[in-house]
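K.L.:
Sharing coords-v2.cif below, mmCIF, C-alpha atoms and all ligand atoms:
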```
data_my_file
#
loop_
_atom_site.label_atom_id
_atom_site.label_comp_id
_atom_site.auth_asym_id
_atom_site.auth_seq_id
_atom_site.Cartn_x
_atom_site.Cartn_y
_atom_site.Cartn_z
CA MET S 287 227.31 -151.54 42.66
CA ILE S 288 225.85 -148.26 43.91
CA ARG S 289 223.27 -148.84 46.65
CA LYS S 290 222.62 -145.39 48.03
CA ALA S 291 220.97 -142.27 46.65
CA VAL S 292 220.16 -138.81 47.89
CA ILE S 293 217.13 -136.81 46.76
CA PRO S 294 217.43 -133.11 47.57
CA ALA S 295 213.84 -131.92 48.06
CA ALA S 296 214.22 -128.92 50.32
CA GLY S 297 213.87 -126.17 47.68
CA LEU S 298 211.27 -123.54 48.55
CA GLY S 299 209.33 -123.73 45.29
CA THR S 300 208.70 -119.98 45.19
CA ARG S 301 208.46 -120.00 41.38
CA LEU S 302 205.37 -122.21 41.73
CA LEU S 303 203.34 -120.08 44.14
CA PRO S 304 200.48 -120.29 44.97
CA ALA S 305 200.50 -124.03 44.09
CA THR S 306 203.34 -124.55 46.58
CA LYS S 307 202.09 -122.24 49.35
CA SER S 308 201.39 -125.14 51.69
CA GLN S 309 202.67 -128.20 49.81
CA PRO S 310 206.07 -129.24 48.47
CA LYS S 311 206.71 -128.86 44.74
CA GLU S 312 207.95 -132.46 44.78
CA MET S 313 204.38 -133.54 45.66
CA LEU S 314 202.73 -131.78 42.70
CA PRO S 315 201.09 -134.38 40.48
CA VAL S 316 202.41 -134.94 36.98
CA GLY S 317 199.79 -137.17 35.38
CA ARG S 318 198.76 -139.67 38.04
CA LYS S 319 201.70 -139.46 40.43
CA PRO S 320 203.54 -136.83 42.42
CA VAL S 321 206.91 -135.90 40.94
CA ILE S 322 208.98 -137.49 43.70
CA GLN S 323 207.35 -140.88 43.15
CA TYR S 324 208.76 -140.98 39.62
CA VAL S 325 212.20 -140.22 41.07
CA VAL S 326 212.00 -142.98 43.72
CA GLU S 327 210.75 -145.48 41.10
CA GLU S 328 213.63 -144.59 38.76
CA LEU S 329 216.16 -145.09 41.56
CA ALA S 330 214.61 -148.40 42.66
CA ALA S 331 214.68 -149.66 39.05
CA ALA S 332 218.39 -148.76 38.87
CA GLY S 333 219.08 -151.05 41.87
CA ILE S 334 219.25 -148.39 44.59
CA LYS S 335 218.22 -149.76 47.99
CA ASP S 336 218.64 -146.87 50.45
CA ILE S 337 217.44 -143.35 49.71
CA LEU S 338 217.96 -140.25 51.82
CA ILE S 339 215.44 -137.50 51.10
CA ILE S 340 216.56 -134.04 52.15
CA THR S 341 213.44 -132.20 53.21
CA GLY S 342 212.69 -128.93 54.98
CA HIS S 343 209.92 -126.56 55.96
CA LYS S 344 206.40 -127.69 54.75
CA LYS S 345 207.73 -130.96 53.28
CA ARG S 346 206.06 -133.46 55.62
CA SER S 347 203.61 -134.78 53.02
CA ILE S 348 206.59 -136.36 51.21
CA GLU S 349 207.09 -138.65 54.21
CA ASP S 350 203.35 -139.41 54.42
CA HIS S 351 203.24 -140.34 50.73
CA PHE S 352 205.58 -143.32 51.08
CA ASP S 353 204.15 -144.59 54.39
CA GLU S 354 201.73 -147.46 54.87
CA ASP S 355 198.17 -146.14 55.08
CA PRO S 356 195.89 -148.30 57.27
CA THR S 357 192.80 -146.66 55.73
CA LEU S 358 193.86 -147.93 52.27
CA GLN S 359 194.73 -151.47 53.27
CA ASN S 360 192.90 -153.09 50.35
CA ALA S 361 194.40 -150.82 47.68
CA SER S 362 196.99 -152.24 45.27
CA PRO S 363 200.64 -151.02 45.51
CA GLU S 364 200.00 -149.17 42.25
CA LEU S 365 197.32 -147.07 43.91
CA CYS S 366 198.93 -146.97 47.33
CA PRO S 367 202.72 -147.22 46.90
CA THR S 368 204.97 -147.47 49.91
CA ALA S 369 208.70 -147.60 50.42
CA SER S 370 208.44 -151.34 51.04
CA SER S 371 206.29 -151.98 47.94
CA MET S 372 209.04 -150.23 45.96
CA HIS S 373 211.72 -152.33 47.70
CA VAL S 374 213.62 -149.33 49.07
CA GLN S 375 214.32 -147.95 52.51
CA LEU S 376 213.71 -144.23 52.88
CA PHE S 377 215.55 -141.98 55.32
CA TYR S 378 215.01 -138.29 55.93
CA VAL S 379 217.09 -135.35 57.03
CA ARG S 380 216.02 -131.71 57.19
CA GLN S 381 217.81 -128.76 55.65
CA SER S 382 216.52 -126.18 58.08
CA VAL S 383 218.07 -123.18 56.32
CA PRO S 384 217.82 -122.70 52.53
CA LEU S 385 221.54 -122.46 51.79
CA GLY S 386 221.53 -124.18 48.40
CA LEU S 387 222.05 -127.55 46.71
CA GLY S 388 225.70 -127.85 47.78
CA HIS S 389 224.75 -127.36 51.43
CA ALA S 390 221.88 -129.87 51.05
CA VAL S 391 224.08 -132.61 49.58
CA ASN S 392 226.65 -132.06 52.33
CA LEU S 393 223.94 -133.15 54.82
CA ALA S 394 224.12 -136.65 53.33
CA LYS S 395 227.71 -137.24 54.47
CA ASP S 396 226.95 -139.59 57.39
CA PHE S 397 224.35 -141.46 55.33
CA THR S 398 226.61 -142.18 52.35
CA GLY S 399 229.77 -142.78 54.42
CA ASP S 400 232.60 -144.14 52.27
CA GLU S 401 230.36 -145.30 49.40
CA ASP S 402 229.77 -143.76 45.97
CA PHE S 403 226.20 -142.49 45.67
CA VAL S 404 223.60 -141.07 43.28
CA VAL S 405 222.08 -137.61 43.64
CA ALA S 406 218.68 -137.28 41.90
CA LEU S 407 217.00 -133.89 42.09
CA GLY S 408 213.49 -134.29 43.49
CA ASP S 409 211.90 -131.80 41.09
CA SER S 410 212.96 -133.47 37.83
CA ILE S 411 211.61 -136.56 36.08
CA ILE S 412 213.55 -138.51 33.46
CA HIS S 413 210.85 -139.32 30.91
CA ALA S 414 211.72 -142.34 28.74
CA ALA S 415 210.49 -145.84 28.00
CA LYS S 416 213.03 -147.03 30.63
CA PRO S 417 213.90 -143.97 32.74
CA HIS S 418 216.48 -145.84 34.88
CA GLU S 419 218.70 -146.68 31.89
CA LEU S 420 220.33 -143.26 32.11
CA LEU S 421 221.49 -144.03 35.66
CA ILE S 422 222.70 -147.47 34.59
CA ARG S 423 224.82 -145.89 31.82
CA MET S 424 226.12 -143.32 34.32
CA MET S 425 227.03 -146.08 36.82
CA LYS S 426 228.95 -147.97 34.13
CA CYS S 427 230.83 -144.81 33.10
CA HIS S 428 231.55 -143.95 36.73
CA ARG S 429 232.99 -147.38 37.50
CA HIS S 430 234.90 -147.71 34.22
CA ASN S 431 236.67 -144.35 34.74
CA SER S 432 237.00 -144.55 38.56
CA ALA S 433 235.37 -141.13 38.43
CA ALA S 434 235.07 -138.63 41.25
CA ALA S 435 231.80 -137.43 39.68
CA THR S 436 229.63 -138.48 36.76
CA ILE S 437 226.95 -136.09 35.61
CA ALA S 438 223.93 -136.38 33.29
CA LEU S 439 223.96 -133.72 30.58
CA GLU S 440 221.51 -132.48 27.98
CA ARG S 441 221.83 -129.86 25.26
CA VAL S 442 219.71 -126.77 25.80
CA SER S 443 219.12 -123.74 23.59
CA HIS S 444 221.78 -121.03 23.88
CA GLU S 445 219.27 -118.53 25.33
CA ASP S 446 218.56 -120.95 28.21
CA VAL S 447 222.11 -121.59 29.45
CA GLY S 448 221.61 -119.12 32.31
CA LYS S 449 219.06 -121.50 33.92
CA TYR S 450 221.48 -124.41 34.41
CA GLY S 451 224.87 -125.69 35.42
CA ILE S 452 226.80 -125.73 32.12
CA ALA S 453 229.68 -128.12 31.32
CA ALA S 454 232.49 -127.85 28.77
CA LEU S 455 233.49 -131.28 27.41
CA GLU S 456 236.86 -132.64 26.32
CA ASP S 457 235.12 -134.31 23.34
CA ASP S 458 231.90 -132.70 22.23
CA SER S 459 230.99 -135.44 19.77
CA THR S 460 230.61 -138.48 22.04
CA GLU S 461 227.90 -139.66 24.43
CA VAL S 462 230.41 -139.92 27.28
CA SER S 463 233.20 -137.40 27.77
CA ARG S 464 235.44 -135.97 30.43
CA ILE S 465 234.23 -132.57 31.70
CA ILE S 466 236.93 -129.90 31.67
CA GLU S 467 234.95 -127.03 33.18
CA ILE S 468 231.58 -126.52 34.82
CA VAL S 469 229.87 -123.29 35.80
CA GLU S 470 226.55 -122.59 37.52
CA LYS S 471 224.06 -120.47 35.57
CA PRO S 472 226.49 -118.51 33.39
CA GLN S 473 225.53 -115.37 31.44
CA VAL S 474 224.45 -116.21 27.89
CA GLY S 475 227.63 -114.82 26.30
CA GLU S 476 229.94 -116.48 28.84
CA ALA S 477 228.71 -120.10 28.82
CA PRO S 478 231.46 -122.60 27.90
CA SER S 479 228.90 -124.70 25.91
CA ASN S 480 225.19 -125.51 25.83
CA CYS S 481 225.54 -128.81 27.75
CA ALA S 482 223.35 -128.46 30.83
CA VAL S 483 223.50 -130.48 34.04
CA ALA S 484 220.37 -132.65 33.92
CA ALA S 485 219.41 -133.36 37.53
CA ARG S 486 221.23 -136.71 37.97
CA TYR S 487 224.74 -137.11 39.41
CA ILE S 488 226.98 -139.84 40.82
CA PHE S 489 229.65 -138.89 43.34
CA SER S 490 232.51 -140.52 45.15
CA PRO S 491 232.95 -139.37 48.77
CA GLN S 492 235.59 -136.94 47.41
CA ILE S 493 232.72 -134.53 46.77
CA TYR S 494 232.49 -133.82 50.53
CA GLY S 495 236.07 -132.51 50.63
CA ALA S 496 235.16 -130.15 47.78
CA LEU S 497 231.87 -129.14 49.42
CA SER S 498 233.75 -128.18 52.57
CA ARG S 499 235.91 -125.78 50.51
CA ILE S 500 233.28 -123.87 48.50
CA THR S 501 232.06 -120.41 49.42
CA LYS S 502 228.66 -118.96 48.58
CA GLY S 503 228.22 -118.71 44.82
CA TYR S 504 225.36 -118.03 42.38
CA GLY S 505 222.32 -116.60 44.17
CA GLY S 506 224.24 -116.31 47.46
CA GLU S 507 223.92 -120.11 47.94
CA TYR S 508 226.41 -122.98 48.27
CA GLN S 509 226.36 -124.49 44.78
CA LEU S 510 226.99 -128.18 44.08
CA THR S 511 228.34 -127.12 40.67
CA ASP S 512 231.11 -125.09 42.36
CA ALA S 513 232.21 -128.18 44.31
CA ILE S 514 232.31 -130.20 41.06
CA GLN S 515 234.48 -127.47 39.49
CA LEU S 516 236.89 -127.86 42.44
CA LEU S 517 237.13 -131.62 41.72
CA ILE S 518 238.01 -130.76 38.10
CA ARG S 519 240.57 -128.17 39.19
CA ASP S 520 242.15 -130.80 41.48
CA GLY S 521 242.67 -132.95 38.38
CA LEU S 522 240.16 -135.61 39.43
CA PRO S 523 238.18 -137.47 36.74
CA VAL S 524 234.76 -135.90 36.23
CA PHE S 525 232.63 -137.30 33.39
CA GLY S 526 229.46 -136.29 31.57
CA VAL S 527 226.91 -138.71 30.11
CA MET S 528 224.51 -137.24 27.53
CA LEU S 529 220.80 -137.97 27.65
CA ARG S 530 219.72 -139.81 24.49
CA ASP S 531 217.20 -138.36 22.04
CA ASP S 532 214.44 -140.52 23.50
CA GLU S 533 215.20 -139.42 27.09
CA LYS S 534 213.73 -136.11 28.24
CA ARG S 535 214.26 -134.30 31.53
CA LEU S 536 210.97 -132.89 32.77
CA ASP S 537 211.57 -130.11 35.27
CA ILE S 538 208.75 -128.93 37.48
CA GLY S 539 210.65 -125.99 38.98
CA GLY S 540 208.51 -123.38 37.15
CA PHE S 541 205.00 -123.27 35.69
CA ASP S 542 206.21 -123.30 32.06
CA THR S 543 208.01 -126.63 32.37
CA TYR S 544 205.52 -128.01 34.93
CA PHE S 545 202.64 -127.46 32.48
CA GLU S 546 204.70 -129.11 29.71
CA ALA S 547 205.43 -132.10 31.95
CA PHE S 548 201.78 -132.52 32.95
CA PHE S 549 200.60 -132.25 29.34
CA LEU S 550 203.12 -134.83 28.15
CA LEU S 551 202.26 -137.34 30.90
CA ALA S 552 198.51 -136.81 30.42
CA LEU S 553 198.78 -137.22 26.65
CA THR S 554 200.82 -140.41 27.00
CA ASP S 555 198.71 -141.92 29.80
CA PRO S 556 198.03 -145.55 28.82
CA GLU S 557 194.34 -145.32 29.74
CA LEU S 558 193.43 -141.68 29.10
CA GLY S 559 196.07 -140.53 26.59
CA LYS S 560 193.85 -140.90 23.49
CA HIS S 561 190.95 -139.18 25.20
CA MET S 562 193.24 -136.29 26.27
CA LEU S 563 194.62 -135.93 22.76
CA ASN S 564 191.12 -135.61 21.29
CA TRP S 565 190.19 -133.20 24.08
CA VAL S 566 193.20 -131.02 23.30
CA LYS S 567 192.40 -131.06 19.57
CA ARG S 568 188.81 -129.95 20.27
CA TRP S 569 190.00 -127.15 22.55
CA LEU S 570 192.61 -126.02 20.04
CA GLN S 571 189.85 -125.49 17.49
CA VAL S 572 187.78 -123.50 20.01
CA ILE S 573 190.76 -121.35 21.00
CA GLU S 574 191.78 -120.77 17.36
CA ARG S 575 188.18 -119.66 16.52
CA GLN S 576 188.24 -117.25 19.49
CA CYS S 577 191.57 -115.79 18.35
CA ARG S 578 190.33 -115.07 14.82
C1 LIG N 601 219.96 -127.14 39.75
C2 LIG N 601 221.47 -127.14 39.56
C3 LIG N 601 221.82 -126.85 38.11
C4 LIG N 601 221.14 -127.87 37.20
C5 LIG N 601 219.60 -127.83 37.46
C6 LIG N 601 218.86 -128.90 36.67
O1 LIG N 601 219.47 -125.84 39.52
O2 LIG N 601 222.05 -126.17 40.42
O3 LIG N 601 223.22 -126.94 37.94
O4 LIG N 601 221.40 -127.60 35.85
O5 LIG N 601 219.33 -128.06 38.85
O6 LIG N 601 219.38 -130.16 36.91
P1 LIG N 601 217.98 -125.37 39.98
O7 LIG N 601 217.05 -125.86 38.92
O8 LIG N 601 217.71 -125.99 41.31
O9 LIG N 601 218.04 -123.87 40.04
#
```
Please go through the file and, once you have read it, give me the structure as C-alpha cells.

P.N.:
Amino acid sequence: MIRKAVIPAAGLGTRLLPATKSQPKEMLPVGRKPVIQYVVEELAAAGIKDILIITGHKKRSIEDHFDEDPTLQNASPELCPTASSMHVQLFYVRQSVPLGLGHAVNLAKDFTGDEDFVVALGDSIIHAAKPHELLIRMMKCHRHNSAAATIALERVSHEDVGKYGIAALEDDSTEVSRIIEIVEKPQVGEAPSNCAVAARYIFSPQIYGALSRITKGYGGEYQLTDAIQLLIRDGLPVFGVMLRDDEKRLDIGGFDTYFEAFFLLALTDPELGKHMLNWVKRWLQVIERQCR
C-alpha cells in the first residue's frame, strides 16, 4: 500500500511565457480546472493520503488553491475543492534554486522516509475514463517485482524522442517489462527506443542513494532519469508500465501540447462539449473560407 506521493511543481515554465509570467504553469486551467487539481485527484483516487508538493518562486497560488476559502463557504466541493474535500493532506517544500527534477525529488527524502512513494509531475494530466488506473497497475507491478523503480511509459514518434526520458525494454511486446537502459532526452539517432517516460513514477527509498551520486546532466541540471539509470546499472529491478491506448498523457509544458490539452478537455466537457464541437466546426468553415 503506497500512501505518499510527491508532485514536483517548481519548474519555471519559461516555454509558456507570458502566460506564466506571474502564475505557475501548474495553475493554468485545462477545461474547468487547473492542471495540478487533476494530478491531486488522480493521486487521491489511487489511495494516496499524503502529498508533498515541491514549489518554488511564484508558486504560492498552488497553496491557495487547495485551502479553505471563507468567502466561498456555501460553494460545493466541486466548485471549491480543498485538500480535506479530496481526503488528502498536502505538504509543501520549496526548491529555491532551479537545479532540475532530480534535485527536486531529493527534497522529498524526509517526507517519504523509508516508504515507497509515487512521483507525479505537476504539469502532466493522465486523461482517461479512470485516470488513476495507471497508478494502480504501476503499484501492482512495483509490489509484485519488489522493484526499486516503476515508471509509466508511452510510445512517441521517433522525431520526438529528444523531448523525453527514453527507456529500452527487455521485452518490447508486453505491457509490463524490465527496463534495461534509460537516457534523458537523447539525440534522435541515439535513442535506445521510442518508449518515453510519461510523468508518473514509483520509487523505493533506494532512489535517494542514486540521487546522491548523480552529477549535472542534460541541460546542466540534476536529472531524475540519470539516477534511475544508476539503479539499473546497480542491477536493481526497474520496471516500465505502458499507458494503454485509451490513456493519454496531456503535457502542458509548452503551448502546442497545452492548446491540445485544453481543446480535448473542452470538447469532452460533459456540459459544454457538444456546444464546443459545433463551435469548432463553424470556425473551421470560416477559417477554411479565409484560406481559399
Ligand atoms: C521530464 C523528465 C522526462 C520525462 C518528461 C515527461 O522532462 O525529465 O524524462 O519524459 O518529464 O514525463 P521535462 O518535460 O520536465 O523536460

K.L.:
So that each row is one residue of chain S with an atom at most 8 Å from ligand LIG 601 (chain N), can you give its shortest atom pair and the distance in Å to one decimal, using all atoms listed in the file, rows by chain and rising number, as a tab-separated table?

P.N.:
```
residue	atom	partner	partner_atom	distance
S:Gly297	CA	N:LIG601	O8	7.4
S:Leu387	CA	N:LIG601	O2	6.4
S:Leu407	CA	N:LIG601	O6	6.8
S:Ser410	CA	N:LIG601	O6	7.3
S:Lys449	CA	N:LIG601	O9	6.6
S:Tyr450	CA	N:LIG601	O4	3.5
S:Gly451	CA	N:LIG601	O3	3.3
S:Ile452	CA	N:LIG601	O4	6.8
S:Val469	CA	N:LIG601	O3	7.9
S:Glu470	CA	N:LIG601	O3	5.5
S:Lys471	CA	N:LIG601	O3	6.9
S:Ala482	CA	N:LIG601	O4	5.5
S:Val483	CA	N:LIG601	O4	4.0
S:Ala484	CA	N:LIG601	O6	4.0
S:Ala485	CA	N:LIG601	O6	3.3
S:Arg486	CA	N:LIG601	O6	6.9
S:Gln509	CA	N:LIG601	O2	6.4
S:Leu510	CA	N:LIG601	O2	6.5
S:Thr511	CA	N:LIG601	O3	5.8
S:Asp537	CA	N:LIG601	C6	7.5
S:Gly539	CA	N:LIG601	O7	6.4
```

K.L.:
Would you pick out the contacts of Glu507 of chain S at 7 Å or less, using all atoms listed in the file, so that residues sharing its chain but fewer than 5 positions from it are not included, and give the list as an MDAnalysis selection string?

P.N.:
chainID S and resid 385:386 502

K.L.:
Report as a PyMOL selection string all protein, DNA and RNA residues lying within 12 Å of Gly521 of chain S, evaluated on all atoms listed in the file, omitting residues in the same chain fewer than 2 positions from it.

P.N.:
chain S and resi 433-435+464-467+514-519+523-524

K.L.:
Emit as lines of an AutoDock Vina configuration file the padded axis-aligned box for all listed atoms of segment 453-466 of chain S, 6 Å per side, with centre and edge lengths in Å to one decimal.

P.N.:
```
center_x = 232.4
center_y = -133.9
center_z = 25.7
size_x = 21.0
size_y = 24.1
size_z = 23.9
```

K.L.:
Check the smallest atom-to-atom distance from each of S:Glu557, S:Glu349, S:Asp457, S:Asp532 to Tyr378 of chain S using only C-alpha atoms, then report the winner.

P.N.:
S:Glu349

K.L.:
Given the choices S:Val527, S:Tyr494, S:His444, S:Trp569, which gets closest to Asp400 of chain S if the distance is worked out from all atoms listed in the file?

P.N.:
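Residue with the minimum atom-to-atom distance to Asp400 of chain S: S:Tyr494.
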
K.L.:
Pick from S:Ser463, S:Thr501, S:Ser443, S:Ser362: nearest to Ser479 of chain S, with all atoms listed in the file counted?

P.N.:
S:Ser443

K.L.:
Nearest residue to Glu456 of chain S out of S:Phe397, S:Tyr544, S:Phe403, S:Phe525, using all atoms listed in the file?

P.N.:
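Result for the nearest residue to Glu456 of chain S: S:Phe525.
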
K.L.:
What does the distance between atom CA of Ile437 of chain S and atom CA of Leu329 of chain S come to in Å, to one decimal place?

P.N.:
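A separation of 15.3 Å between them.
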
K.L.:
Can you write segment 563-574 of chain S from the block above with all heavy atoms, as a JSON list (two decimals), in the first residue's frame?

P.N.:
```
[["chain", "number", "residue", "atom", "x", "y", "z"],
["S", 563, "LEU", "N", -17.93, 21.53, -29.74],
["S", 563, "LEU", "CA", -17.69, 20.82, -31.00],
["S", 563, "LEU", "C", -18.35, 21.57, -32.17],
["S", 563, "LEU", "O", -17.73, 21.79, -33.22],
["S", 563, "LEU", "CB", -18.26, 19.41, -30.88],
["S", 563, "LEU", "CG", -17.71, 18.38, -31.82],
["S", 563, "LEU", "CD1", -16.21, 18.21, -31.64],
["S", 563, "LEU", "CD2", -18.39, 17.03, -31.56],
["S", 564, "ASN", "N", -19.60, 22.00, -31.97],
["S", 564, "ASN", "CA", -20.29, 22.76, -33.02],
["S", 564, "ASN", "C", -19.58, 24.08, -33.29],
["S", 564, "ASN", "O", -19.46, 24.51, -34.43],
["S", 564, "ASN", "CB", -21.75, 23.01, -32.63],
["S", 564, "ASN", "CG", -22.53, 21.71, -32.68],
["S", 564, "ASN", "OD1", -22.20, 20.83, -33.49],
["S", 564, "ASN", "ND2", -23.52, 21.57, -31.83],
["S", 565, "TRP", "N", -19.11, 24.70, -32.21],
["S", 565, "TRP", "CA", -18.40, 25.98, -32.33],
["S", 565, "TRP", "C", -17.12, 25.81, -33.17],
["S", 565, "TRP", "O", -16.84, 26.60, -34.06],
["S", 565, "TRP", "CB", -18.08, 26.48, -30.91],
["S", 565, "TRP", "CG", -17.44, 27.82, -30.86],
["S", 565, "TRP", "CD1", -18.06, 29.03, -30.80],
["S", 565, "TRP", "CD2", -16.03, 28.09, -30.83],
["S", 565, "TRP", "NE1", -17.13, 30.02, -30.75],
["S", 565, "TRP", "CE2", -15.88, 29.48, -30.78],
["S", 565, "TRP", "CE3", -14.88, 27.29, -30.86],
["S", 565, "TRP", "CZ2", -14.64, 30.10, -30.74],
["S", 565, "TRP", "CZ3", -13.64, 27.90, -30.83],
["S", 565, "TRP", "CH2", -13.53, 29.29, -30.78],
["S", 566, "VAL", "N", -16.40, 24.72, -32.87],
["S", 566, "VAL", "CA", -15.17, 24.45, -33.63],
["S", 566, "VAL", "C", -15.49, 24.20, -35.10],
["S", 566, "VAL", "O", -14.84, 24.74, -36.00],
["S", 566, "VAL", "CB", -14.41, 23.24, -33.03],
["S", 566, "VAL", "CG1", -13.29, 22.78, -33.95],
["S", 566, "VAL", "CG2", -13.83, 23.59, -31.67],
["S", 567, "LYS", "N", -16.54, 23.42, -35.35],
["S", 567, "LYS", "CA", -16.92, 23.11, -36.75],
["S", 567, "LYS", "C", -17.24, 24.40, -37.50],
["S", 567, "LYS", "O", -16.80, 24.58, -38.63],
["S", 567, "LYS", "CB", -18.15, 22.19, -36.77],
["S", 567, "LYS", "CG", -17.82, 20.74, -36.49],
["S", 567, "LYS", "CD", -19.10, 19.91, -36.55],
["S", 567, "LYS", "CE", -18.88, 18.51, -36.04],
["S", 567, "LYS", "NZ", -20.12, 17.86, -35.63],
["S", 568, "ARG", "N", -18.02, 25.30, -36.84],
["S", 568, "ARG", "CA", -18.36, 26.58, -37.50],
["S", 568, "ARG", "C", -17.10, 27.37, -37.83],
["S", 568, "ARG", "O", -16.91, 27.87, -38.91],
["S", 568, "ARG", "CB", -19.25, 27.42, -36.58],
["S", 568, "ARG", "CG", -20.73, 27.15, -36.76],
["S", 568, "ARG", "CD", -21.59, 28.31, -36.33],
["S", 568, "ARG", "NE", -21.24, 28.89, -35.05],
["S", 568, "ARG", "CZ", -21.64, 28.40, -33.88],
["S", 568, "ARG", "NH1", -22.39, 27.32, -33.83],
["S", 568, "ARG", "NH2", -21.27, 28.98, -32.74],
["S", 569, "TRP", "N", -16.18, 27.43, -36.84],
["S", 569, "TRP", "CA", -14.96, 28.21, -37.03],
["S", 569, "TRP", "C", -14.05, 27.60, -38.09],
["S", 569, "TRP", "O", -13.39, 28.31, -38.83],
["S", 569, "TRP", "CB", -14.21, 28.39, -35.71],
["S", 569, "TRP", "CG", -14.67, 29.67, -35.06],
["S", 569, "TRP", "CD1", -15.57, 29.80, -34.06],
["S", 569, "TRP", "CD2", -14.28, 30.99, -35.44],
["S", 569, "TRP", "NE1", -15.77, 31.11, -33.77],
["S", 569, "TRP", "CE2", -14.99, 31.88, -34.60],
["S", 569, "TRP", "CE3", -13.42, 31.52, -36.39],
["S", 569, "TRP", "CZ2", -14.84, 33.26, -34.69],
["S", 569, "TRP", "CZ3", -13.27, 32.89, -36.48],
["S", 569, "TRP", "CH2", -13.98, 33.76, -35.65],
["S", 570, "LEU", "N", -14.07, 26.26, -38.16],
["S", 570, "LEU", "CA", -13.24, 25.60, -39.19],
["S", 570, "LEU", "C", -13.69, 26.04, -40.58],
["S", 570, "LEU", "O", -12.88, 26.32, -41.46],
["S", 570, "LEU", "CB", -13.37, 24.09, -39.07],
["S", 570, "LEU", "CG", -12.42, 23.42, -38.08],
["S", 570, "LEU", "CD1", -12.65, 21.92, -38.05],
["S", 570, "LEU", "CD2", -10.96, 23.70, -38.46],
["S", 571, "GLN", "N", -15.03, 26.12, -40.75],
["S", 571, "GLN", "CA", -15.55, 26.54, -42.06],
["S", 571, "GLN", "C", -15.11, 27.97, -42.37],
["S", 571, "GLN", "O", -14.66, 28.28, -43.47],
["S", 571, "GLN", "CB", -17.07, 26.47, -42.07],
["S", 571, "GLN", "CG", -17.58, 25.04, -42.16],
["S", 571, "GLN", "CD", -19.08, 24.95, -41.91],
["S", 571, "GLN", "OE1", -19.73, 25.96, -41.62],
["S", 571, "GLN", "NE2", -19.62, 23.76, -42.00],
["S", 572, "VAL", "N", -15.18, 28.84, -41.36],
["S", 572, "VAL", "CA", -14.79, 30.26, -41.56],
["S", 572, "VAL", "C", -13.31, 30.33, -41.93],
["S", 572, "VAL", "O", -12.93, 30.99, -42.90],
["S", 572, "VAL", "CB", -15.06, 31.08, -40.26],
["S", 572, "VAL", "CG1", -14.50, 32.49, -40.40],
["S", 572, "VAL", "CG2", -16.54, 31.10, -39.94],
["S", 573, "ILE", "N", -12.49, 29.57, -41.19],
["S", 573, "ILE", "CA", -11.04, 29.63, -41.43],
["S", 573, "ILE", "C", -10.71, 29.05, -42.81],
["S", 573, "ILE", "O", -9.91, 29.61, -43.55],
["S", 573, "ILE", "CB", -10.27, 28.89, -40.30],
["S", 573, "ILE", "CG1", -10.43, 29.65, -38.98],
["S", 573, "ILE", "CG2", -8.78, 28.75, -40.62],
["S", 573, "ILE", "CD1", -10.03, 28.90, -37.75],
["S", 574, "GLU", "N", -11.37, 27.93, -43.15],
["S", 574, "GLU", "CA", -11.13, 27.33, -44.48],
["S", 574, "GLU", "C", -11.49, 28.30, -45.59],
["S", 574, "GLU", "O", -10.77, 28.45, -46.57],
["S", 574, "GLU", "CB", -11.93, 26.03, -44.63],
["S", 574, "GLU", "CG", -11.18, 24.83, -44.09],
["S", 574, "GLU", "CD", -12.07, 23.61, -43.94],
["S", 574, "GLU", "OE1", -13.20, 23.61, -44.48],
["S", 574, "GLU", "OE2", -11.63, 22.67, -43.27]]
```
